[in-house]
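Enquirer: Below is final06.pdb; it holds PDB, C-alpha atoms.
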```pdb
ATOM      1  CA  MET A 143       0.000   0.000   0.000  1.00  0.00           C
ATOM      2  CA  LYS A 144       1.101   3.575  -0.603  1.00  0.00           C
ATOM      3  CA  PHE A 145       0.917   6.559   1.739  1.00  0.00           C
ATOM      4  CA  THR A 146      -1.312   8.314  -0.795  1.00  0.00           C
ATOM      5  CA  ASP A 147      -3.852   5.476  -0.423  1.00  0.00           C
ATOM      6  CA  PHE A 148      -4.668   6.408   3.149  1.00  0.00           C
ATOM      7  CA  VAL A 149      -2.982   9.652   4.272  1.00  0.00           C
ATOM      8  CA  CYS A 150      -5.204  12.738   4.282  1.00  0.00           C
ATOM      9  CA  PHE A 151      -2.708  15.440   3.292  1.00  0.00           C
ATOM     10  CA  GLU A 152      -5.060  18.389   3.734  1.00  0.00           C
ATOM     11  CA  ALA A 153      -5.361  17.535   7.432  1.00  0.00           C
ATOM     12  CA  THR A 154      -1.581  17.637   8.077  1.00  0.00           C
ATOM     13  CA  ILE A 155      -0.615  19.709  11.118  1.00  0.00           C
ATOM     14  CA  PRO A 156       2.899  21.124  10.519  1.00  0.00           C
ATOM     15  CA  GLU A 157       3.233  22.375  14.092  1.00  0.00           C
ATOM     16  CA  LEU A 158       1.104  20.812  16.793  1.00  0.00           C
ATOM     17  CA  GLN A 159       0.033  23.159  19.579  1.00  0.00           C
ATOM     18  CA  ALA A 160      -0.274  20.178  21.901  1.00  0.00           C
ATOM     19  CA  LYS A 161       2.137  19.773  24.774  1.00  0.00           C
ATOM     20  CA  ASN A 162       1.107  16.238  25.636  1.00  0.00           C
ATOM     21  CA  ARG A 163      -0.149  13.018  24.110  1.00  0.00           C
ATOM     22  CA  ASP A 164      -3.882  13.440  24.685  1.00  0.00           C
ATOM     23  CA  GLU A 165      -3.909  16.983  23.304  1.00  0.00           C
ATOM     24  CA  ALA A 166      -1.994  15.862  20.218  1.00  0.00           C
ATOM     25  CA  ILE A 167      -4.499  13.071  19.590  1.00  0.00           C
ATOM     26  CA  GLY A 168      -7.336  15.587  20.005  1.00  0.00           C
ATOM     27  CA  GLU A 169      -5.778  18.006  17.503  1.00  0.00           C
ATOM     28  CA  LEU A 170      -5.157  15.328  14.895  1.00  0.00           C
ATOM     29  CA  VAL A 171      -8.603  13.727  15.111  1.00  0.00           C
ATOM     30  CA  THR A 172     -10.149  17.211  14.923  1.00  0.00           C
ATOM     31  CA  ALA A 173      -8.129  17.935  11.776  1.00  0.00           C
ATOM     32  CA  LEU A 174      -9.432  14.734  10.160  1.00  0.00           C
ATOM     33  CA  ASP A 175     -12.962  15.684  11.182  1.00  0.00           C
ATOM     34  CA  LYS A 176     -12.606  19.154   9.632  1.00  0.00           C
ATOM     35  CA  SER A 177     -11.428  17.549   6.401  1.00  0.00           C
ATOM     36  CA  GLY A 178     -14.626  15.501   6.338  1.00  0.00           C
ATOM     37  CA  LYS A 179     -12.847  12.172   6.762  1.00  0.00           C
ATOM     38  CA  LEU A 180     -14.810  10.995   9.796  1.00  0.00           C
ATOM     39  CA  PRO A 181     -18.517  10.126  10.051  1.00  0.00           C
ATOM     40  CA  LYS A 182     -20.515  13.072  11.423  1.00  0.00           C
ATOM     41  CA  GLY A 183     -20.628  13.386  15.193  1.00  0.00           C
ATOM     42  CA  THR A 184     -17.948  10.778  15.915  1.00  0.00           C
ATOM     43  CA  ARG A 185     -15.040  13.118  16.688  1.00  0.00           C
ATOM     44  CA  GLU A 186     -15.310  13.028  20.498  1.00  0.00           C
ATOM     45  CA  ASP A 187     -15.884   9.313  20.519  1.00  0.00           C
ATOM     46  CA  ILE A 188     -12.876   8.629  18.304  1.00  0.00           C
ATOM     47  CA  ILE A 189     -10.603  10.848  20.419  1.00  0.00           C
ATOM     48  CA  LYS A 190     -11.629   8.848  23.500  1.00  0.00           C
ATOM     49  CA  ALA A 191     -11.097   5.542  21.691  1.00  0.00           C
ATOM     50  CA  VAL A 192      -7.584   6.488  20.512  1.00  0.00           C
ATOM     51  CA  ILE A 193      -6.567   7.671  23.997  1.00  0.00           C
ATOM     52  CA  LYS A 194      -7.979   4.495  25.547  1.00  0.00           C
ATOM     53  CA  ARG A 195      -5.979   2.382  23.096  1.00  0.00           C
ATOM     54  CA  GLU A 196      -2.883   4.450  23.816  1.00  0.00           C
ATOM     55  CA  LYS A 197      -3.254   3.843  27.564  1.00  0.00           C
ATOM     56  CA  GLU A 198      -3.269   0.081  27.001  1.00  0.00           C
ATOM     57  CA  ALA A 199       0.135   0.202  25.318  1.00  0.00           C
ATOM     58  CA  SER A 200       2.019   3.220  24.039  1.00  0.00           C
ATOM     59  CA  THR A 201       2.429   3.479  20.286  1.00  0.00           C
ATOM     60  CA  GLY A 202       5.388   5.774  20.928  1.00  0.00           C
ATOM     61  CA  ILE A 203       7.768   3.085  19.791  1.00  0.00           C
ATOM     62  CA  GLY A 204      10.908   5.145  20.156  1.00  0.00           C
ATOM     63  CA  LYS A 205      13.171   7.232  17.916  1.00  0.00           C
ATOM     64  CA  GLY A 206      10.876  10.260  18.043  1.00  0.00           C
ATOM     65  CA  VAL A 207       7.826   8.769  16.341  1.00  0.00           C
ATOM     66  CA  ALA A 208       4.397   7.626  17.514  1.00  0.00           C
ATOM     67  CA  ILE A 209       1.612   5.878  15.631  1.00  0.00           C
ATOM     68  CA  PRO A 210      -1.567   6.225  17.678  1.00  0.00           C
ATOM     69  CA  HIS A 211      -4.376   4.248  16.070  1.00  0.00           C
ATOM     70  CA  VAL A 212      -7.708   2.611  16.665  1.00  0.00           C
ATOM     71  CA  LYS A 213     -10.190   0.408  14.866  1.00  0.00           C
ATOM     72  CA  TYR A 214     -13.485   2.236  15.031  1.00  0.00           C
ATOM     73  CA  ALA A 215     -16.822   0.637  14.199  1.00  0.00           C
ATOM     74  CA  GLY A 216     -18.223   3.695  12.419  1.00  0.00           C
ATOM     75  CA  ALA A 217     -15.158   4.374  10.276  1.00  0.00           C
ATOM     76  CA  LYS A 218     -15.612   3.741   6.559  1.00  0.00           C
ATOM     77  CA  LYS A 219     -12.062   3.356   5.340  1.00  0.00           C
ATOM     78  CA  ALA A 220      -8.577   3.590   6.770  1.00  0.00           C
ATOM     79  CA  VAL A 221      -7.404   7.195   7.011  1.00  0.00           C
ATOM     80  CA  ALA A 222      -4.278   8.717   8.527  1.00  0.00           C
ATOM     81  CA  VAL A 223      -3.115  12.209   9.430  1.00  0.00           C
ATOM     82  CA  ILE A 224       0.362  13.481  10.217  1.00  0.00           C
ATOM     83  CA  GLY A 225       1.287  15.981  12.905  1.00  0.00           C
ATOM     84  CA  GLN A 226       4.686  17.436  13.697  1.00  0.00           C
ATOM     85  CA  SER A 227       6.125  19.009  16.812  1.00  0.00           C
ATOM     86  CA  SER A 228       9.451  20.820  16.698  1.00  0.00           C
ATOM     87  CA  ALA A 229       9.577  21.033  20.509  1.00  0.00           C
ATOM     88  CA  GLY A 230       8.677  17.378  20.978  1.00  0.00           C
ATOM     89  CA  ILE A 231       5.734  15.866  22.845  1.00  0.00           C
ATOM     90  CA  ASP A 232       5.751  13.573  25.845  1.00  0.00           C
ATOM     91  CA  PHE A 233       4.029  10.519  24.387  1.00  0.00           C
ATOM     92  CA  CYS A 234       4.962   8.058  27.143  1.00  0.00           C
ATOM     93  CA  ALA A 235       7.257   6.556  24.505  1.00  0.00           C
ATOM     94  CA  LEU A 236       8.977   3.235  25.091  1.00  0.00           C
ATOM     95  CA  ASP A 237      12.371   4.952  25.059  1.00  0.00           C
ATOM     96  CA  GLU A 238      11.011   7.811  27.225  1.00  0.00           C
ATOM     97  CA  GLN A 239      12.147  10.333  24.604  1.00  0.00           C
ATOM     98  CA  PRO A 240       9.980  13.108  23.117  1.00  0.00           C
ATOM     99  CA  VAL A 241       8.024  12.485  19.927  1.00  0.00           C
ATOM    100  CA  TYR A 242       8.473  14.787  16.915  1.00  0.00           C
ATOM    101  CA  SER A 243       6.319  13.099  14.278  1.00  0.00           C
ATOM    102  CA  VAL A 244       2.905  11.595  14.955  1.00  0.00           C
ATOM    103  CA  ILE A 245       1.047   9.462  12.421  1.00  0.00           C
ATOM    104  CA  LEU A 246      -2.514   8.834  13.574  1.00  0.00           C
ATOM    105  CA  LEU A 247      -4.503   6.095  11.845  1.00  0.00           C
ATOM    106  CA  ILE A 248      -8.235   5.362  12.094  1.00  0.00           C
ATOM    107  CA  SER A 249      -9.373   2.059  10.577  1.00  0.00           C
ATOM    108  CA  PRO A 250     -12.745   0.338  10.255  1.00  0.00           C
ATOM    109  CA  VAL A 251     -13.298  -2.731  12.425  1.00  0.00           C
ATOM    110  CA  ASP A 252     -14.265  -5.050   9.605  1.00  0.00           C
ATOM    111  CA  ASN A 253     -11.126  -4.850   7.486  1.00  0.00           C
ATOM    112  CA  PRO A 254      -8.172  -5.883   9.684  1.00  0.00           C
ATOM    113  CA  ASP A 255      -6.056  -6.829   6.666  1.00  0.00           C
ATOM    114  CA  ARG A 256      -6.148  -3.328   5.224  1.00  0.00           C
ATOM    115  CA  HIS A 257      -5.251  -1.913   8.624  1.00  0.00           C
ATOM    116  CA  LEU A 258      -2.186  -4.183   8.708  1.00  0.00           C
ATOM    117  CA  GLN A 259      -1.172  -3.113   5.209  1.00  0.00           C
ATOM    118  CA  ALA A 260      -1.381   0.570   6.141  1.00  0.00           C
ATOM    119  CA  MET A 261       0.694  -0.072   9.263  1.00  0.00           C
ATOM    120  CA  GLU A 262       3.201  -2.016   7.199  1.00  0.00           C
ATOM    121  CA  THR A 263       3.682   0.998   4.919  1.00  0.00           C
ATOM    122  CA  VAL A 264       4.188   3.277   7.913  1.00  0.00           C
ATOM    123  CA  PHE A 265       6.679   1.007   9.677  1.00  0.00           C
ATOM    124  CA  ARG A 266       8.578   0.022   6.550  1.00  0.00           C
ATOM    125  CA  HIS A 267       9.586   3.645   6.127  1.00  0.00           C
ATOM    126  CA  LEU A 268       9.770   4.720   9.774  1.00  0.00           C
ATOM    127  CA  GLN A 269      12.442   2.173  10.515  1.00  0.00           C
ATOM    128  CA  HIS A 270      14.833   4.112   8.282  1.00  0.00           C
ATOM    129  CA  GLU A 271      16.638   6.913  10.044  1.00  0.00           C
ATOM    130  CA  ARG A 272      16.836   8.940   6.845  1.00  0.00           C
ATOM    131  CA  PHE A 273      13.032   8.910   6.454  1.00  0.00           C
ATOM    132  CA  ARG A 274      12.442   9.842  10.102  1.00  0.00           C
ATOM    133  CA  LYS A 275      14.891  12.706   9.783  1.00  0.00           C
ATOM    134  CA  PHE A 276      13.380  14.019   6.541  1.00  0.00           C
ATOM    135  CA  LEU A 277       9.855  13.762   7.941  1.00  0.00           C
ATOM    136  CA  ARG A 278      10.823  15.588  11.100  1.00  0.00           C
ATOM    137  CA  GLN A 279      12.274  18.442   9.019  1.00  0.00           C
ATOM    138  CA  CYS A 280       9.054  18.990   7.020  1.00  0.00           C
ATOM    139  CA  ARG A 281       7.704  22.294   8.286  1.00  0.00           C
ATOM    140  CA  THR A 282       4.726  22.730   5.946  1.00  0.00           C
ATOM    141  CA  PRO A 283       1.898  20.408   4.848  1.00  0.00           C
ATOM    142  CA  GLU A 284       3.230  20.686   1.275  1.00  0.00           C
ATOM    143  CA  LYS A 285       6.654  19.398   2.317  1.00  0.00           C
ATOM    144  CA  VAL A 286       5.073  16.431   4.110  1.00  0.00           C
ATOM    145  CA  GLU A 287       3.009  15.627   1.033  1.00  0.00           C
ATOM    146  CA  ASP A 288       6.019  15.975  -1.289  1.00  0.00           C
ATOM    147  CA  LEU A 289       8.090  13.649   0.879  1.00  0.00           C
ATOM    148  CA  LEU A 290       5.418  10.950   1.123  1.00  0.00           C
ATOM    149  CA  ARG A 291       4.664  11.110  -2.606  1.00  0.00           C
ATOM    150  CA  GLU A 292       8.362  10.799  -3.355  1.00  0.00           C
ATOM    151  CA  VAL A 293       8.646   7.836  -1.000  1.00  0.00           C
ATOM    152  CA  ASP A 294       5.610   6.227  -2.673  1.00  0.00           C
ATOM    153  CA  GLU A 295       7.260   6.521  -6.070  1.00  0.00           C
ATOM    154  CA  GLY A 296      10.400   5.441  -4.543  1.00  0.00           C
ATOM    155  CA  PRO A 297      13.323   3.658  -6.081  1.00  0.00           C
ATOM    156  CA  SER A 298      15.714   5.929  -4.162  1.00  0.00           C
ATOM    157  CA  TRP A 299      13.848   5.098  -0.943  1.00  0.00           C
TER     158      TRP A 299
ATOM    159  CA  MET B 231      19.773 -23.272  15.737  1.00  0.00           C
ATOM    160  CA  SER B 232      16.086 -24.019  16.004  1.00  0.00           C
ATOM    161  CA  LYS B 233      13.209 -23.086  13.698  1.00  0.00           C
ATOM    162  CA  ALA B 234       9.494 -23.511  13.219  1.00  0.00           C
ATOM    163  CA  THR B 235       6.733 -22.412  10.878  1.00  0.00           C
ATOM    164  CA  VAL B 236       3.731 -20.910  12.621  1.00  0.00           C
ATOM    165  CA  GLU B 237       0.374 -19.736  11.348  1.00  0.00           C
ATOM    166  CA  ILE B 238      -1.328 -16.537  12.496  1.00  0.00           C
ATOM    167  CA  LYS B 239      -4.753 -17.662  13.733  1.00  0.00           C
ATOM    168  CA  ASN B 240      -6.313 -14.644  15.418  1.00  0.00           C
ATOM    169  CA  ALA B 241      -8.729 -12.689  13.234  1.00  0.00           C
ATOM    170  CA  ASP B 242      -6.996  -9.310  13.379  1.00  0.00           C
ATOM    171  CA  GLY B 243      -3.580 -10.715  12.505  1.00  0.00           C
ATOM    172  CA  LEU B 244      -0.213  -9.508  13.750  1.00  0.00           C
ATOM    173  CA  HIS B 245      -1.183  -5.921  14.494  1.00  0.00           C
ATOM    174  CA  MET B 246       0.727  -3.788  16.945  1.00  0.00           C
ATOM    175  CA  ARG B 247      -0.473  -5.265  20.240  1.00  0.00           C
ATOM    176  CA  PRO B 248       0.297  -8.884  19.291  1.00  0.00           C
ATOM    177  CA  ALA B 249       3.574  -7.752  17.745  1.00  0.00           C
ATOM    178  CA  MET B 250       4.512  -6.151  21.064  1.00  0.00           C
ATOM    179  CA  LEU B 251       3.662  -9.345  22.953  1.00  0.00           C
ATOM    180  CA  PHE B 252       5.889 -11.241  20.548  1.00  0.00           C
ATOM    181  CA  VAL B 253       8.759  -8.770  20.894  1.00  0.00           C
ATOM    182  CA  ASP B 254       8.484  -8.747  24.702  1.00  0.00           C
ATOM    183  CA  LEU B 255       8.608 -12.518  24.831  1.00  0.00           C
ATOM    184  CA  ALA B 256      11.384 -12.850  22.234  1.00  0.00           C
ATOM    185  CA  SER B 257      13.473 -10.304  24.148  1.00  0.00           C
ATOM    186  CA  GLN B 258      13.512 -12.558  27.206  1.00  0.00           C
ATOM    187  CA  PHE B 259      15.753 -14.988  25.371  1.00  0.00           C
ATOM    188  CA  ASP B 260      19.467 -14.662  24.712  1.00  0.00           C
ATOM    189  CA  SER B 261      19.110 -16.194  21.251  1.00  0.00           C
ATOM    190  CA  ASP B 262      18.849 -14.049  18.140  1.00  0.00           C
ATOM    191  CA  ILE B 263      15.316 -14.367  16.792  1.00  0.00           C
ATOM    192  CA  THR B 264      14.546 -13.869  13.100  1.00  0.00           C
ATOM    193  CA  VAL B 265      11.027 -13.902  11.672  1.00  0.00           C
ATOM    194  CA  SER B 266      10.297 -14.227   7.976  1.00  0.00           C
ATOM    195  CA  ASN B 267       7.135 -14.058   5.873  1.00  0.00           C
ATOM    196  CA  GLY B 268       8.911 -15.310   2.773  1.00  0.00           C
ATOM    197  CA  GLN B 269       9.557 -11.814   1.447  1.00  0.00           C
ATOM    198  CA  SER B 270      11.289 -10.082   4.310  1.00  0.00           C
ATOM    199  CA  SER B 271      13.227 -11.368   7.283  1.00  0.00           C
ATOM    200  CA  VAL B 272      13.103  -9.179  10.365  1.00  0.00           C
ATOM    201  CA  ASP B 273      14.467  -8.994  13.894  1.00  0.00           C
ATOM    202  CA  GLY B 274      11.916 -10.634  16.221  1.00  0.00           C
ATOM    203  CA  LYS B 275      12.999  -8.311  19.029  1.00  0.00           C
ATOM    204  CA  SER B 276      12.197  -5.069  17.146  1.00  0.00           C
ATOM    205  CA  ILE B 277       8.634  -3.747  17.238  1.00  0.00           C
ATOM    206  CA  MET B 278       9.218  -1.569  14.173  1.00  0.00           C
ATOM    207  CA  GLN B 279      10.469  -4.486  12.131  1.00  0.00           C
ATOM    208  CA  MET B 280       7.837  -6.934  13.361  1.00  0.00           C
ATOM    209  CA  SER B 281       5.052  -4.496  12.434  1.00  0.00           C
ATOM    210  CA  MET B 282       6.439  -4.484   8.898  1.00  0.00           C
ATOM    211  CA  LEU B 283       5.467  -8.096   8.347  1.00  0.00           C
ATOM    212  CA  ALA B 284       1.779  -7.169   7.960  1.00  0.00           C
ATOM    213  CA  ALA B 285       0.937 -10.784   8.794  1.00  0.00           C
ATOM    214  CA  THR B 286      -2.794 -11.185   8.301  1.00  0.00           C
ATOM    215  CA  CYS B 287      -4.861 -14.059   9.686  1.00  0.00           C
ATOM    216  CA  GLY B 288      -3.777 -17.220   7.863  1.00  0.00           C
ATOM    217  CA  THR B 289      -0.254 -15.969   7.124  1.00  0.00           C
ATOM    218  CA  LYS B 290       2.537 -18.455   7.769  1.00  0.00           C
ATOM    219  CA  LEU B 291       5.702 -17.119   9.352  1.00  0.00           C
ATOM    220  CA  SER B 292       8.960 -18.889   9.874  1.00  0.00           C
ATOM    221  CA  ILE B 293      10.695 -18.224  13.172  1.00  0.00           C
ATOM    222  CA  GLN B 294      14.356 -18.958  13.572  1.00  0.00           C
ATOM    223  CA  ALA B 295      16.351 -18.783  16.800  1.00  0.00           C
ATOM    224  CA  GLU B 296      20.085 -18.951  17.171  1.00  0.00           C
ATOM    225  CA  GLY B 297      21.752 -19.132  20.554  1.00  0.00           C
ATOM    226  CA  PRO B 298      21.927 -21.041  23.826  1.00  0.00           C
ATOM    227  CA  ASP B 299      18.165 -21.060  24.484  1.00  0.00           C
ATOM    228  CA  ALA B 300      17.046 -21.369  20.856  1.00  0.00           C
ATOM    229  CA  HIS B 301      14.901 -24.441  21.391  1.00  0.00           C
ATOM    230  CA  LYS B 302      12.990 -23.006  24.335  1.00  0.00           C
ATOM    231  CA  ALA B 303      12.539 -19.695  22.510  1.00  0.00           C
ATOM    232  CA  ILE B 304      10.922 -21.384  19.522  1.00  0.00           C
ATOM    233  CA  ASP B 305       8.605 -23.479  21.718  1.00  0.00           C
ATOM    234  CA  THR B 306       7.513 -20.448  23.720  1.00  0.00           C
ATOM    235  CA  LEU B 307       6.939 -18.206  20.700  1.00  0.00           C
ATOM    236  CA  ARG B 308       5.044 -20.902  18.830  1.00  0.00           C
ATOM    237  CA  HIS B 309       2.780 -21.300  21.848  1.00  0.00           C
ATOM    238  CA  LEU B 310       2.082 -17.543  21.915  1.00  0.00           C
ATOM    239  CA  VAL B 311       1.179 -17.419  18.208  1.00  0.00           C
ATOM    240  CA  GLU B 312      -0.729 -20.650  17.679  1.00  0.00           C
ATOM    241  CA  VAL B 313      -2.102 -21.731  21.056  1.00  0.00           C
ATOM    242  CA  GLN B 314      -2.604 -18.483  22.958  1.00  0.00           C
ATOM    243  CA  MET B 315      -3.286 -16.649  19.692  1.00  0.00           C
ATOM    244  CA  PHE B 316      -2.066 -13.477  21.435  1.00  0.00           C
ATOM    245  CA  ASN B 317      -5.176 -13.739  23.685  1.00  0.00           C
ATOM    246  CA  GLU B 318      -7.350 -12.696  20.748  1.00  0.00           C
ATOM    247  CA  PRO B 319     -10.351 -14.333  19.048  1.00  0.00           C
ATOM    248  CA  ALA B 320     -10.218 -16.463  15.913  1.00  0.00           C
ATOM    249  CA  PRO B 321     -12.229 -15.231  12.903  1.00  0.00           C
ATOM    250  CA  ALA B 322     -15.997 -15.587  13.285  1.00  0.00           C
ATOM    251  CA  ARG B 323     -17.119 -18.675  11.381  1.00  0.00           C
ATOM    252  CA  ARG B 324     -18.768 -17.677   8.132  1.00  0.00           C
ATOM    253  CA  THR B 325     -22.358 -18.853   7.699  1.00  0.00           C
ATOM    254  CA  GLN B 326     -22.738 -21.067   4.669  1.00  0.00           C
TER     255      GLN B 326
END
```
Output the file's structure in the form of structure tokens.
Expert:
Amino acid sequence: MKFTDFVCFEATIPELQAKNRDEAIGELVTALDKSGKLPKGTREDIIKAVIKREKEASTGIGKGVAIPHVKYAGAKKAVAVIGQSSAGIDFCALDEQPVYSVILLISPVDNPDRHLQAMETVFRHLQHERFRKFLRQCRTPEKVEDLLREVDEGPSW
Amino acid sequence: MSKATVEIKNADGLHMRPAMLFVDLASQFDSDITVSNGQSSVDGKSIMQMSMLAATCGTKLSIQAEGPDAHKAIDTLRHLVEVQMFNEPAPARRTQ
């Protein structure tokens, strides 16, 4: 799967206002909602569901990135949004370091395979230091989109 | 060296929570653990790499352990995947 198959670029937040995990999740879900990617009236519910999932086990897997996600019954198709923080956010990460890039993914309940494929795309690239560094340096939504489109096309990646 | 082929049996597949259980368990052993889906081989002690396998329900993975406790590692990991099924449900049976 490609980033362009599930990332909502218009919802990208180049500089999160959030200072902590729950606020960052709130900002990102709200951005998806504003872009019309979530079923009407589900915003609050989805924020709660993502935070609940995050409390079970942190998706801050280290190296400055976090991938909060949830399978939500009302969601129609997998959609992700990217948020950046130059100051870093305390995400209760496994390595206890701040998080600079957050990729939040909302998936429907009834298509676990597609959820896995989206996560595979995210992790395949996040494991490379060069990608993490480039992503972290993107300071505008356009730069994020350019990077992910380039990675999608990718022989050099 | 010890190895085994296991099948993912829980409905949601090897998503992040099961992958973390696997990594936590694998990390308790001294042996190097490698997991392969036929296309890529990854470090069984790395959550980032394990999440890359995108192993859906029904996927077969080969687990390889190399080190002093290789045999025990394989037995324990196989149990987690196939018997415990990561404490998750199997797919609902389809009505004919």
Enquirer: With the PyMOL selection byres ((chain B) within 7 of (chain A)) as the selection, what would be picked from this file? Answer as a VMD selection string, please.
Expert: chain B and resid 242 245 278 281 to 284 286
Enquirer: For the residues in the current selection, export C-alpha atoms as a PDB file, keeping the file's coordinate frame.
Expert:
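Contents of out-v1.pdb, as written:
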```pdb
ATOM      1  CA  ASP B 242      -6.996  -9.310  13.379  1.00  0.00           C
ATOM      2  CA  HIS B 245      -1.183  -5.921  14.494  1.00  0.00           C
ATOM      3  CA  MET B 278       9.218  -1.569  14.173  1.00  0.00           C
ATOM      4  CA  SER B 281       5.052  -4.496  12.434  1.00  0.00           C
ATOM      5  CA  MET B 282       6.439  -4.484   8.898  1.00  0.00           C
ATOM      6  CA  LEU B 283       5.467  -8.096   8.347  1.00  0.00           C
ATOM      7  CA  ALA B 284       1.779  -7.169   7.960  1.00  0.00           C
ATOM      8  CA  THR B 286      -2.794 -11.185   8.301  1.00  0.00           C
TER       9      THR B 286
END
```
Enquirer: Let me make sure I understand: among A:Arg278, A:Lys197, A:Lys205, A:Lys285, which one has the smallest atom-to-atom distance to Ala229 in chain A if we use only C-alpha atoms?
Expert: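 Answer, going by the shortest atom-to-atom distance: A:Arg278.
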Enquirer: Quick check, in Å to one decimal: how far apart do CA of Gly243 in chain B and CA of Cys150 in chain A lie?
Expert: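 Distance reported for this atom pair: 24.9 Å.
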Enquirer: Any chance you could resolve the PyMOL selection byres ((chain A and resi 292) around 12) against this file and give the residues as number ranges by chain?
Expert: A: 144-146, 267, 273, 276-277, 285-291, 293-299
Enquirer: I'd like to know which of A:Val207, A:Cys234, A:Glu186, A:Ser228 is closest to Asn162 in chain A, using only C-alpha atoms.
Expert: A:Cys234
Enquirer: Applying the PyMOL selection byres ((chain B and resi 312) around 12) to the file I just gave you, which residues come out? Please list them as number ranges by chain.
Expert: B: 234-240, 243-244, 248, 252, 287-291, 304-311, 313-320
Enquirer: From the options A:Gly216, A:Gly225, A:Gly206, A:Pro250, which residue's atoms come nearest to Glu165 in chain A, counting all atoms listed in the file?
Expert: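 The answer is A:Gly225, which sits nearest to Glu165 in chain A.
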Enquirer: Work out how far CA of Asp237 in chain A is from CA of Lys302 in chain B, in Å to one decimal.
Expert: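 A separation of 28.0 Å between them.
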